[in-house]
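The next block holds one structure in the form of structure tokens; read it before the comments.
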Amino acid sequence: MFLSDSDTAELVAFRRQLHERPELSGEERETARAVRAFLERTRPDRVIENLGGHGLAAVYDGAATGPCLMFRAELDALPIDEVSAAPYRSRTLGKAHLCGHDGHMASLAALALGLSRKRPKRGRVVLLFQPAEETGEGAEAVIVDPNFASIQPDFVFAWHNMPGMPRAEASIANGPAACASRGLRAIFNGKTAHASSPEAGVSPMRALARLMPELTALGRGGMIDEGYSLVTITHVEMGAHSFGVAPGRGELWATLRTVTDAAMASLVERAETLIRDAASADGLDVEIAYRDAFDSAVNAPPAVEKVVGALGAEGVKWRVGLPMRPSEDFGRFSAEAPSAMFLLGAGESHPSLHNADYDFPDELVPVAARVLMRVARDALG
């Protein structure tokens, strides 16, 4: 174990410091500064700041040439009010670390401590603290940033805590690790009318009522396998807050989710067909737009092999796991280098990710750090 009890206590305190001061996607300026301040005393050979926004990467060089291993954590929090009595609860109304990104950052900070005491024998380690994961924009922004070209990873690794799994038990598999998803927004425009004469207008009411069950039925749900798909209606509205006006405008928001990117393309086509048919049937104009688009995160066998070896060496119980339903923009890195993400259980009865009462289990910080450091040492010495 490369972390002392005092190291672990310091890392937990750092995690809680980050938890108290959450920042949303694209706003992570102070979070990045806090990470940079922690990294300073670990004497990285180079720090690249403002990667894809407020991202930063710390580089630790080995003595000889060799491969580059990049480990990634996320900077951003969520736009949710936290429900907690913890003394380190969020100090900012409407913002909170309710996905565990604070804990993921702490585990990379642990790697920085270890690397400061013993550099790799060859190659280099890059610790990437990525912005804007929650919106699906951060990984892409990092990769297209001109400064990313100087990193050129040969392998990329990440982990995510997962409520519903036994505490500190790992899950990993070759192939899909997290679902593809995207947010669909359909805007219907018709014509308002007096509420006493709705027939004089063009209302989106029938189209919205028809589409909610029809779109939901496109998703099979159930057990996650290659054919898994899910459509979740997340928001619907129409008209003004008035008893005198029949509506002429409406919106429907839905999240589409599949295991593979190819299946997502098919689901998008079917959803758009339903929407346009419903609009046409009622004489409505419709606009369709997308946001929060995530590619499927796909684990490469060579990278998975390294993680599995590290889990075994560190005595972490693990199993072959199905892809997680949530999406992760880590999948964007798989186009750059062989990549692998593994899950660590947060506890079978632990509050779910993005719940108002979720909090990251501090005991996972040293467990994840041990596995990641073992991956680095096994590959680079």
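In the structure tokens, the first chain shown is A, the next is B, and so on; residue numbers restart at 1 for each chain, and ligands run from 1 in the order shown.
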Report as a short mmCIF file (atom, residue, chain, number, x, y, z; two decimals) with all heavy atoms, in the first residue's frame all protein, DNA and RNA residues lying within 8 Å of Thr92 of chain A, evaluated on only C-alpha atoms, omitting residues in the same chain fewer than 6 positions from it.
data_model
loop_
_atom_site.label_atom_id
_atom_site.label_comp_id
_atom_site.auth_asym_id
_atom_site.auth_seq_id
_atom_site.Cartn_x
_atom_site.Cartn_y
_atom_site.Cartn_z
N GLU A 20 -17.69 20.57 -0.73
CA GLU A 20 -18.29 21.79 -0.19
C GLU A 20 -18.45 22.88 -1.24
O GLU A 20 -19.33 23.74 -1.11
CB GLU A 20 -17.43 22.36 0.95
CG GLU A 20 -17.52 21.60 2.25
CD GLU A 20 -16.72 22.31 3.32
OE1 GLU A 20 -15.47 22.20 3.30
OE2 GLU A 20 -17.33 22.98 4.17
N ARG A 21 -17.63 22.85 -2.27
CA ARG A 21 -17.58 23.95 -3.24
C ARG A 21 -17.81 23.43 -4.66
O ARG A 21 -16.92 23.49 -5.52
CB ARG A 21 -16.23 24.67 -3.14
CG ARG A 21 -15.98 25.28 -1.76
CD ARG A 21 -14.57 25.84 -1.65
NE ARG A 21 -14.35 26.48 -0.36
CZ ARG A 21 -13.96 25.83 0.74
NH1 ARG A 21 -13.77 24.51 0.71
NH2 ARG A 21 -13.78 26.49 1.87
N PRO A 22 -18.98 22.92 -4.94
CA PRO A 22 -19.25 22.35 -6.26
C PRO A 22 -19.42 23.42 -7.33
O PRO A 22 -19.88 24.54 -7.06
CB PRO A 22 -20.58 21.61 -6.04
CG PRO A 22 -21.27 22.41 -4.97
CD PRO A 22 -20.16 22.88 -4.06
#
Exercise. In segment 171-281 of chain A, what's helix (DSSP H, G or I) per DSSP? Answer as a PyMOL selection string?
Worked result: chain A and resi 198-200+205-218+261-281
Based on the selection just made, write N, CA and C atoms of those residues as a JSON list (two decimals), in the first residue's frame.
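Contents of out-v4.json, as written:
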[["chain", "number", "residue", "atom", "x", "y", "z"],
["A", 198, "PRO", "N", -61.52, 26.30, -29.20],
["A", 198, "PRO", "CA", -60.23, 25.66, -29.49],
["A", 198, "PRO", "C", -60.11, 25.22, -30.94],
["A", 199, "GLU", "N", -61.26, 25.00, -31.60],
["A", 199, "GLU", "CA", -61.20, 24.55, -32.99],
["A", 199, "GLU", "C", -60.66, 25.63, -33.92],
["A", 200, "ALA", "N", -60.58, 26.86, -33.46],
["A", 200, "ALA", "CA", -60.05, 27.95, -34.28],
["A", 200, "ALA", "C", -58.52, 27.99, -34.25],
["A", 205, "MET", "N", -51.69, 19.60, -28.18],
["A", 205, "MET", "CA", -52.12, 18.69, -27.12],
["A", 205, "MET", "C", -52.20, 17.24, -27.59],
["A", 206, "ARG", "N", -52.87, 16.98, -28.73],
["A", 206, "ARG", "CA", -53.02, 15.59, -29.18],
["A", 206, "ARG", "C", -51.67, 14.97, -29.55],
["A", 207, "ALA", "N", -50.80, 15.76, -30.18],
["A", 207, "ALA", "CA", -49.49, 15.23, -30.56],
["A", 207, "ALA", "C", -48.68, 14.85, -29.33],
["A", 208, "LEU", "N", -48.69, 15.71, -28.30],
["A", 208, "LEU", "CA", -47.94, 15.41, -27.08],
["A", 208, "LEU", "C", -48.52, 14.19, -26.38],
["A", 209, "ALA", "N", -49.84, 14.12, -26.29],
["A", 209, "ALA", "CA", -50.48, 12.98, -25.62],
["A", 209, "ALA", "C", -50.20, 11.68, -26.36],
["A", 210, "ARG", "N", -50.14, 11.74, -27.68],
["A", 210, "ARG", "CA", -49.85, 10.55, -28.49],
["A", 210, "ARG", "C", -48.40, 10.12, -28.35],
["A", 211, "LEU", "N", -47.51, 11.12, -28.35],
["A", 211, "LEU", "CA", -46.07, 10.80, -28.40],
["A", 211, "LEU", "C", -45.52, 10.26, -27.10],
["A", 212, "MET", "N", -46.05, 10.68, -25.96],
["A", 212, "MET", "CA", -45.47, 10.19, -24.70],
["A", 212, "MET", "C", -45.47, 8.67, -24.62],
["A", 213, "PRO", "N", -46.60, 7.99, -24.85],
["A", 213, "PRO", "CA", -46.54, 6.52, -24.83],
["A", 213, "PRO", "C", -45.84, 5.92, -26.04],
["A", 214, "GLU", "N", -45.97, 6.56, -27.22],
["A", 214, "GLU", "CA", -45.36, 5.98, -28.41],
["A", 214, "GLU", "C", -43.83, 6.02, -28.34],
["A", 215, "LEU", "N", -43.28, 7.14, -27.90],
["A", 215, "LEU", "CA", -41.83, 7.23, -27.77],
["A", 215, "LEU", "C", -41.33, 6.29, -26.68],
["A", 216, "THR", "N", -42.01, 6.24, -25.56],
["A", 216, "THR", "CA", -41.60, 5.34, -24.48],
["A", 216, "THR", "C", -41.58, 3.89, -24.96],
["A", 217, "ALA", "N", -42.55, 3.53, -25.82],
["A", 217, "ALA", "CA", -42.63, 2.16, -26.31],
["A", 217, "ALA", "C", -41.49, 1.78, -27.24],
["A", 218, "LEU", "N", -40.75, 2.78, -27.77],
["A", 218, "LEU", "CA", -39.59, 2.47, -28.61],
["A", 218, "LEU", "C", -38.49, 1.81, -27.81],
["A", 261, "ASP", "N", -23.57, 2.64, -30.30],
["A", 261, "ASP", "CA", -23.80, 3.83, -31.10],
["A", 261, "ASP", "C", -24.65, 3.52, -32.32],
["A", 262, "ALA", "N", -24.48, 2.32, -32.90],
["A", 262, "ALA", "CA", -25.29, 1.94, -34.06],
["A", 262, "ALA", "C", -26.77, 1.86, -33.68],
["A", 263, "ALA", "N", -27.04, 1.29, -32.51],
["A", 263, "ALA", "CA", -28.42, 1.21, -32.04],
["A", 263, "ALA", "C", -28.99, 2.59, -31.77],
["A", 264, "MET", "N", -28.15, 3.51, -31.31],
["A", 264, "MET", "CA", -28.61, 4.88, -31.08],
["A", 264, "MET", "C", -29.04, 5.53, -32.39],
["A", 265, "ALA", "N", -28.28, 5.34, -33.44],
["A", 265, "ALA", "CA", -28.64, 5.92, -34.74],
["A", 265, "ALA", "C", -30.01, 5.42, -35.19],
["A", 266, "SER", "N", -30.28, 4.14, -34.98],
["A", 266, "SER", "CA", -31.57, 3.57, -35.35],
["A", 266, "SER", "C", -32.69, 4.13, -34.47],
["A", 267, "LEU", "N", -32.43, 4.26, -33.17],
["A", 267, "LEU", "CA", -33.44, 4.78, -32.25],
["A", 267, "LEU", "C", -33.78, 6.24, -32.58],
["A", 268, "VAL", "N", -32.77, 7.03, -32.89],
["A", 268, "VAL", "CA", -32.99, 8.42, -33.28],
["A", 268, "VAL", "C", -33.89, 8.51, -34.51],
["A", 269, "GLU", "N", -33.63, 7.68, -35.51],
["A", 269, "GLU", "CA", -34.41, 7.70, -36.74],
["A", 269, "GLU", "C", -35.88, 7.36, -36.46],
["A", 270, "ARG", "N", -36.10, 6.33, -35.63],
["A", 270, "ARG", "CA", -37.48, 5.94, -35.32],
["A", 270, "ARG", "C", -38.20, 7.00, -34.49],
["A", 271, "ALA", "N", -37.49, 7.61, -33.56],
["A", 271, "ALA", "CA", -38.11, 8.64, -32.73],
["A", 271, "ALA", "C", -38.48, 9.85, -33.57],
["A", 272, "GLU", "N", -37.60, 10.26, -34.46],
["A", 272, "GLU", "CA", -37.90, 11.42, -35.30],
["A", 272, "GLU", "C", -39.08, 11.14, -36.23],
["A", 273, "THR", "N", -39.18, 9.92, -36.72],
["A", 273, "THR", "CA", -40.31, 9.57, -37.59],
["A", 273, "THR", "C", -41.63, 9.71, -36.84],
["A", 274, "LEU", "N", -41.69, 9.21, -35.60],
["A", 274, "LEU", "CA", -42.89, 9.34, -34.80],
["A", 274, "LEU", "C", -43.26, 10.80, -34.56],
["A", 275, "ILE", "N", -42.26, 11.59, -34.25],
["A", 275, "ILE", "CA", -42.50, 13.00, -33.93],
["A", 275, "ILE", "C", -43.01, 13.75, -35.15],
["A", 276, "ARG", "N", -42.39, 13.55, -36.29],
["A", 276, "ARG", "CA", -42.80, 14.27, -37.50],
["A", 276, "ARG", "C", -44.19, 13.81, -37.95],
["A", 277, "ASP", "N", -44.47, 12.52, -37.81],
["A", 277, "ASP", "CA", -45.79, 12.02, -38.19],
["A", 277, "ASP", "C", -46.88, 12.62, -37.30],
["A", 278, "ALA", "N", -46.60, 12.71, -35.99],
["A", 278, "ALA", "CA", -47.59, 13.27, -35.07],
["A", 278, "ALA", "C", -47.81, 14.75, -35.35],
["A", 279, "ALA", "N", -46.75, 15.49, -35.66],
["A", 279, "ALA", "CA", -46.88, 16.90, -35.97],
["A", 279, "ALA", "C", -47.66, 17.10, -37.26],
["A", 280, "SER", "N", -47.34, 16.30, -38.27],
["A", 280, "SER", "CA", -48.02, 16.42, -39.56],
["A", 280, "SER", "C", -49.51, 16.12, -39.44],
["A", 281, "ALA", "N", -49.86, 15.11, -38.64],
["A", 281, "ALA", "CA", -51.26, 14.72, -38.49],
["A", 281, "ALA", "C", -52.11, 15.85, -37.92]]
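For the pair atom CA of Pro326 of chain A and atom CA of Val12 of chain A, the interatomic distance is 25.6 Å.
Distances from A:Val125, A:Pro87, A:Ile80, A:Ser197 to Ala379 of chain A were compared using only C-alpha atoms, and the smallest one belongs to A:Val125.
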Exercise. Do you know which residues are at most 12 Å from Ser116 of chain A counting only C-alpha atoms, after dropping those on the same chain fewer than 5 positions away, and could you put them as a ChimeraX atom specification?
Worked result: /A:2-3,38-45,58-62,109-111,125
